[in-house]
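Participant: The structure's right below; bear with me while I get my questions together.
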2 protein chains.
Amino acid sequence: VPEQVDLVQTIRSNRLQLSRLLTRAENGQADAEIAAIYPHTGQAHIIGVTGAPGTGKSTLANALTKHYRSQNRTVAIVAVDPTSPFTGGAILGDRIRMRELSGDIGVFVRSMATRGSLGGLARATGDLVCVFDAAGFDVVLIETVGAGQSEVDIARLAQTTLVIEAPGLGDDVQAIKAGILEIADILVVNKADRPGVDNTVRALRAMLDLGHRVERVNHHGALHTVPAVDSLPDEMTSWQTPILQTISAEDKGIAELADKIAAHRDYLQETGVLKVREQVRIELEMADRLREALLQRLLATTDPTTVQSLIAQVTQRRLSMSEAVTRLLDHTTITP
Amino acid sequence: VPEQVDLVQTIRSNRLQLSRLLTRAENGQADAEIAAIYPHTGQAHIIGVTGAPGTGKSTLANALTKHYRSQNRTVAIVAVDPTSPFTGGAILGDRIRMRELSGDIGVFVRSMATRGSLGGLARATGDLVCVFDAAGFDVVLIETVGAGQSEVDIARLAQTTLVIEAPGLGDDVQAIKAGILEIADILVVNKADRPGVDNTVRALRAMLDLGHRVERVNHHGALHTVPAVDSLPDEMTSWQTPILQTISAEDKGIAELADKIAAHRDYLQETGVLKVREQVRIELEMADRLREALLQRLLATTDPTTVQSLIAQVTQRRLSMSEAVTRLLDHTTITP
């Protein structure tokens, strides 16, 4: 398969070509290239870094990057900012980044702001990760703002997910979002020189103890071909989420964090959790893509005036939503 | 259509029957009943109340409820807690609520914790709102924790969305989530007797001024039969998001808030924004339901071993995701 190898060689040796492929992938215009390079992926350690604004998440990602570079490992950073046009955080973060890490060809930073649907964002992020993986980067950091379902979807792409907190961000324990704890493989309390760090660690520990730790294998919306969570063997749920303290602006605690990240990767591989998670992720993505493709086919084969008329009837409360959907589907036959 | 009228009469006069229908609706088992009562909906003012834990959102919803009751208007509250099993917030909130408002048959509170997918939650919430609307409640309050995409989906069900903040919740402006501001029709700074209230108001004002205010008409994932955002006439974008201050534990500022909510409802009706928003919401929901129904049909007509084999090939990196999806779709024909 010479053209596959050609493309992989090209993006490994030519940063401009790599950058161009990333842009096409981000715009969803690189299906053929992704298919070609896909067999050459699977080597990178994909690490998610998520946390609210103010936790020093970007500084921590930079410190971790410098640490990996000191070990001569190459690092790609995908910074995802699924917030509104109010912020423009992605672009700003990018500039600050570039100043500090530019000139090092072992580092590549790509920022993405929200465009289109959040589902589309997760897919584009996945494609970027795939390109960086094939391009030979040892580590791919996916950095997201911790703000709900979109982060959970993006975190699913990571093999090891760090959730970053900082002392004094909320005025009570409840302000620490419980949902985000569930996706944490490693909890990091950054800015650990601030007052209140012990309270934050204690609160996180209490929430972890409270919650029933399950392996991050969520079947909602999947195609249900892999075993359910409760049938996973015991060794797959043996990881105890650690809470580490860092002061990333001073590079403190970063080496210990990198060790813990490596330990988590070992755990994933030795127990087989890595494969189960990947299979679930693939199922979920396949289900999403099938849903969207099928809808587009239905719309392509249905008279638009039929759709418009049904929507008008629902708007006028002459027809319920489920009746309208049933009528559209009644016009439709799927044959294998 | 006598049976429709019968069901509407029943849920208007019999709280036990209302409660049972709500339970069936929450479990997605009331399509026929929803269809029957749907023509009798459209009278309630549907108000979203969203905010982070610690903002006093529930106390504010209660204070607003007492205000409406003093005007002899009936109120239903749907409290949605799309967080993890870590919290169990919905149940707790429910109990506190019940103590304060119980005994008043003009108030009905229903709490929902997350079950199944977030999409499913938004749909169940929509069905509950529909039941309360048909049951004749003047006001339906939808209360959600402000935490991302799920809230945005649920907020879409509301005609008027209040976003609740409180002084001193974050240590910097950035901690106020920008995404949530976009869905606000009215911003409320609650606990306004706390220190830092002026800073919070100023920060919110600055973020509002910074952001380009667009009418909340988001077409991502819709069926594209209504006009795009930028073609809406000027009067549809004339609402200036106000920032109000309340101390809901002392009922301060609540009457002024209720006046502003009424003014927003007038704006929605006079400009026609209400209809445009509803049409978009219906389009989005229809698209979601079609996607899911089509996927289920595809799976029902496809040999499971074919699906499993394709997933295995993607997992083993012998086939890319888009190739696998194409193969599954190639086996499929949709005929109108």
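In the structure tokens, chains take the letters A, B, ... in the order shown, each chain's residues start at 1, and ligands count up from 1 in the order shown.
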Within 8 Å of Ile154 (chain A), counting only C-alpha atoms, which residues qualify if same-chain residues fewer than 6 places away don't, as a ChimeraX atom specification?

Facilitator: /A:122,125-126,144

Participant: Export N, CA and C atoms of the chosen residues as a PDB file, in the first residue's frame?

Facilitator:
ATOM      1  N   ALA A 122     -16.272  16.919  18.448  1.00  0.00           N
ATOM      2  CA  ALA A 122     -15.645  15.693  18.948  1.00  0.00           C
ATOM      3  C   ALA A 122     -15.064  14.898  17.781  1.00  0.00           C
ATOM      4  N   THR A 125     -11.972  16.633  16.471  1.00  0.00           N
ATOM      5  CA  THR A 125     -10.883  16.409  17.421  1.00  0.00           C
ATOM      6  C   THR A 125     -10.305  15.013  17.233  1.00  0.00           C
ATOM      7  N   GLY A 126     -11.185  14.039  17.063  1.00  0.00           N
ATOM      8  CA  GLY A 126     -10.738  12.669  16.845  1.00  0.00           C
ATOM      9  C   GLY A 126      -9.879  12.542  15.602  1.00  0.00           C
ATOM     10  N   THR A 144      -9.251  20.549  27.084  1.00  0.00           N
ATOM     11  CA  THR A 144     -10.615  21.087  26.967  1.00  0.00           C
ATOM     12  C   THR A 144     -11.016  21.809  28.243  1.00  0.00           C
TER      13      THR A 144
END

Participant: How many Å lie between CA of Gln269 (chain A) and CA of Ser248 (chain A), rounded to one decimal?

Facilitator: 28.1 Å

Participant: Given the choices B:Ile47, B:Leu181, B:Leu60, B:Ala192, which gets closest to chain A if the distance is worked out from only C-alpha atoms?

Facilitator: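 Closest to chain A, using only C-alpha atoms: B:Leu181.
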
Participant: Which neighbours of Glu278 (chain A) fall inside 8 Å, counting only C-alpha atoms, when residues of the same chain fewer than 4 positions from it are skipped, and could you give them as a list in words?

Facilitator: Leu274 and Ile282 of chain A; Thr315 of chain B

Participant: Need the shell around Ser13 (chain B): protein/DNA/RNA residues with any atom at most 12 Å away, counting only C-alpha atoms. Skip same-chain ones fewer than 4 positions apart. Format as number ranges by chain?

Facilitator: B: 6-9, 17-19, 105-106, 134-137

Participant: Mind giving me the straight-line distance from CA of Leu64 (chain B) to CA of Asp259 (chain B) in Å, one decimal?

Facilitator: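 Going from CA of Leu64 (chain B) over to CA of Asp259 (chain B) covers 11.0 Å.
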
Participant: Between CA of Glu143 (chain A) and CA of Gln4 (chain A), what is the distance, to one decimal in Å?

Facilitator: 28.8 Å

Participant: Rank B:Ser238, B:Ser70, B:Thr41, B:Asn14 by their smallest atom-to-atom distance to Val140 (chain B), using only C-alpha atoms, and report the top residue only.

Facilitator: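 Checking each of B:Ser238, B:Ser70, B:Thr41, B:Asn14 against Val140 (chain B), counting only C-alpha atoms, the winner is B:Thr41.
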
Participant: Closest to chain B among A:Arg15, A:Arg123, A:Arg194, A:Arg291, using only C-alpha atoms?

Facilitator: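 Smallest separation from chain B among the options: A:Arg291.
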
Participant: From the list A:Asp153, A:Glu26, A:Glu250, A:Asp104, which residue is nearest chain B when using only C-alpha atoms?

Facilitator: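 Going through A:Asp153, A:Glu26, A:Glu250, A:Asp104 one by one, the smallest distance to chain B is for A:Asp153.
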
Participant: Pick out the closest residue to Leu244 (chain A) from this set: A:Arg205, A:Arg110, A:His40, A:His331. Count only C-alpha atoms.

Facilitator: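 Closest to Leu244 (chain A) of all the choices is A:Arg205.
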
Participant: A:Gln316, A:Thr50, A:Thr302, A:Asn72: which is nearest Thr332 (chain A), counting only C-alpha atoms?

Facilitator: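 Using only C-alpha atoms, Thr332 (chain A) sits closest to A:Thr302.
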